[in-house]
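Novice: Starting off with a structure, shown below.
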Amino acid sequence: MELDIRYGPGRWPGYHAHTVFHDRVLPLCSPEYLSTLSPDDDPGARLAGARLIGTPRALCQWDHWLGYQDIDTVIGRMPVLLDRSSMALQLAVDHAGIVLDSLSLALPEIAEGRLVPVFPQLPVLCFEAYTAICPTRYHKRRSVQLFLDWMAQQVADHEADIAAIYRRDGLHEVTLDFATLFPEKSG
């Protein structure tokens with residue numbers, strides 16, 4: 001392997017690691033589903049009757065998000081879990097519930113208005129999640145540097161798209177240390 005992109009935490013002895021970009025996680029649903037939720041401003045009350053959707057492969061699960069936001073009325077409820085984020089996002093687009101997922105993965109649906117933030121007043125959770133790794137002896141290779149330079153431009157373009165969504169929807173974020181958000185995964 002000359003270079004690999006990894007999602008999630010890791011310690012890779014013998015490898016050079018370079019953070020590529022952060023993940024941003026928030027609850028999303030279709031505008032139609034949002035209109036069926038309690039108009040209460042209290043997030044716990046709003047979630048009380050909602051169907052929660054998630055994916056077991058995501059780093060940030062509902063219990064992490066709810067705990068950080070200090071919402072305890074639905075902690076312990078099991079969400080509908082789908083193996084792939086694409087399936088979970090589609091279920092939310094189809095008005096079946098609220099999905100907790102990556103803004104990056106949901107960006108097309110958010111940009112098109114098929115998914116909307118459920119709680120624009122609450123911070124989007126942001127954390128380091130995507131890392132480029134390569135054997136330490138390769139990190140100065142021209143091919144690796146060219147790829148990382150190209151990736152940096154792609155990330156900059158992606159970040160500009162995310163900033164536009166933040167402005168349009170009135171979103172803000174909090175950047176968290178991985179070990180703070182996921183103490184059980186940072187062992």
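Labeling convention for the structure tokens: chains A, B, ... as they appear, residues from 1 per chain, ligands from 1 in order of appearance.
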Could I get the residues of stretch 50-165 of chain A with an atom no further than 12 Å from an atom of stretch 29-43 of chain A, each paired with its nearest atom pair and that distance in Å to one decimal, using only C-alpha atoms, sorted by chain and residue number, as a Markdown table?
Specialist:
```
| residue | atom | partner | partner_atom | distance |
| --- | --- | --- | --- | --- |
| A:Ala50 | CA | A:Leu37 | CA | 7.0 |
| A:Arg51 | CA | A:Tyr33 | CA | 10.0 |
| A:Leu52 | CA | A:Cys29 | CA | 9.8 |
| A:Ile53 | CA | A:Cys29 | CA | 9.6 |
| A:Gly54 | CA | A:Cys29 | CA | 11.9 |
| A:Trp65 | CA | A:Pro43 | CA | 11.9 |
| A:Leu66 | CA | A:Pro43 | CA | 9.6 |
| A:Gln69 | CA | A:Pro43 | CA | 9.0 |
| A:Asp70 | CA | A:Pro43 | CA | 9.6 |
| A:Ile71 | CA | A:Pro43 | CA | 7.1 |
| A:Asp72 | CA | A:Pro43 | CA | 9.8 |
| A:Thr73 | CA | A:Pro43 | CA | 9.0 |
| A:Val74 | CA | A:Pro43 | CA | 9.9 |
| A:Ala88 | CA | A:Cys29 | CA | 10.5 |
| A:Leu89 | CA | A:Cys29 | CA | 8.5 |
| A:Gln90 | CA | A:Ser30 | CA | 9.8 |
| A:Leu91 | CA | A:Cys29 | CA | 9.0 |
| A:Ala92 | CA | A:Cys29 | CA | 5.2 |
| A:Val93 | CA | A:Ser30 | CA | 5.2 |
| A:Asp94 | CA | A:Ser30 | CA | 7.2 |
| A:His95 | CA | A:Tyr33 | CA | 5.1 |
| A:Ala96 | CA | A:Tyr33 | CA | 7.2 |
| A:Gly97 | CA | A:Cys29 | CA | 6.3 |
| A:Ile98 | CA | A:Cys29 | CA | 4.8 |
| A:Val99 | CA | A:Cys29 | CA | 6.3 |
| A:Leu100 | CA | A:Cys29 | CA | 8.9 |
| A:Asp101 | CA | A:Cys29 | CA | 10.4 |
| A:Ala106 | CA | A:Cys29 | CA | 10.6 |
| A:Glu109 | CA | A:Ser30 | CA | 9.3 |
| A:Ile110 | CA | A:Ser30 | CA | 9.3 |
| A:Glu112 | CA | A:Ser30 | CA | 11.0 |
| A:Gly113 | CA | A:Pro31 | CA | 7.8 |
| A:Arg114 | CA | A:Ser30 | CA | 5.6 |
| A:Leu115 | CA | A:Ser30 | CA | 4.5 |
| A:Val116 | CA | A:Cys29 | CA | 5.6 |
| A:Pro117 | CA | A:Cys29 | CA | 6.7 |
| A:Val118 | CA | A:Cys29 | CA | 6.5 |
| A:Phe119 | CA | A:Pro43 | CA | 7.4 |
| A:Pro120 | CA | A:Pro43 | CA | 10.8 |
| A:Gln121 | CA | A:Asp41 | CA | 9.7 |
| A:Leu122 | CA | A:Pro43 | CA | 9.1 |
```
Novice: I'd like the contact shell of stretch 140-146 of chain A - 12 Å cut-off, only C-alpha atoms, skipping same-chain residues fewer than 2 positions apart - returned as a list in words.
Specialist: Met1, Glu2, Leu3, Asp4, Ile5, His16, Ala17, His18, Ala132, Ile133, Cys134, Pro135, Thr136, Arg137, Tyr138, Leu148, Asp149, Trp150, Met151, Ala152 and Gln153 of chain A
Novice: If you measure from atom CA of A:Met78 to atom CA of A:Phe127, what distance in Å do you get, rounded to one decimal?
Specialist: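 Spanning atom CA of A:Met78 to atom CA of A:Phe127 is a straight-line distance of 23.8 Å.
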Novice: Name the residues of stretch 5-129 of chain A that fall into strand (DSSP E or B) according to DSSP on the backbone, using the chain letters and numbers of this document, as a PyMOL selection string.
Specialist: chain A and resi 5-7+15-29+52-54+80-81+98-102+116-117+124-129
Novice: Mind pulling up the distance from atom CA of A:Tyr130 to atom CA of A:Phe21?
Specialist: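 Atom CA of A:Phe21 sits 5.4 Å away from atom CA of A:Tyr130.
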Novice: Under the rule that only C-alpha atoms are counted, which of A:Val174, A:Ala58, A:Val124, A:Ala48 is the nearest residue to A:Leu82?
Specialist: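 Between A:Val174, A:Ala58, A:Val124, A:Ala48, the residue approaching A:Leu82 most closely is A:Ala58.
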Novice: Residues of stretch 74-136 of chain A within 8 Å of stretch 157-166 of chain A: nearest atom pair and distance (Å, one decimal) for each, counting only C-alpha atoms, sorted by chain and number, as a tab-separated table?
Specialist:
```
residue	atom	partner	partner_atom	distance
A:Leu103	CA	A:Ile162	CA	7.9
A:Ser104	CA	A:Ile162	CA	7.7
A:Leu107	CA	A:Ile162	CA	7.6
A:Ile110	CA	A:Ile165	CA	7.8
A:Ala111	CA	A:Ile165	CA	6.9
```
Novice: Using DSSP on the backbone coordinates, identify all residues within stretch 21-105 of chain A classified as alpha helix (DSSP H); present the result as a list of chain:residue names.
Specialist: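 Checking each residue of stretch 21-105 of chain A, the alpha helix (DSSP H) ones are A:Pro31, A:Glu32, A:Tyr33, A:Leu34, A:Pro43, A:Gly44, A:Ala45, A:Arg46, A:Leu47, A:Trp62, A:Asp63, A:His64, A:Trp65, A:Leu66, A:Gly67, A:Tyr68, A:Ser85, A:Ser86, A:Met87, A:Ala88, A:Leu89, A:Gln90, A:Leu91, A:Ala92, A:Val93, A:Leu103, A:Ser104, A:Leu105.
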Novice: To one decimal in Å, tell me the separation between atom CA of A:Ala129 and atom CA of A:Arg57.
Specialist: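 Straight-line distance from atom CA of A:Ala129 to atom CA of A:Arg57 works out to 12.7 Å.
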Novice: Measuring between only C-alpha atoms, which one of A:Gly67, A:Gly8, A:Gly14, A:Gly49 shows the shortest distance to A:Thr131?
Specialist: A:Gly8
Novice: My list of candidates is A:Ala156, A:Val20, A:Leu26, A:Leu176. Which is closest to A:Leu105 when distances are computed with only C-alpha atoms?
Specialist: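 When distances to A:Leu105 are compared using only C-alpha atoms, the smallest one comes from A:Leu26.
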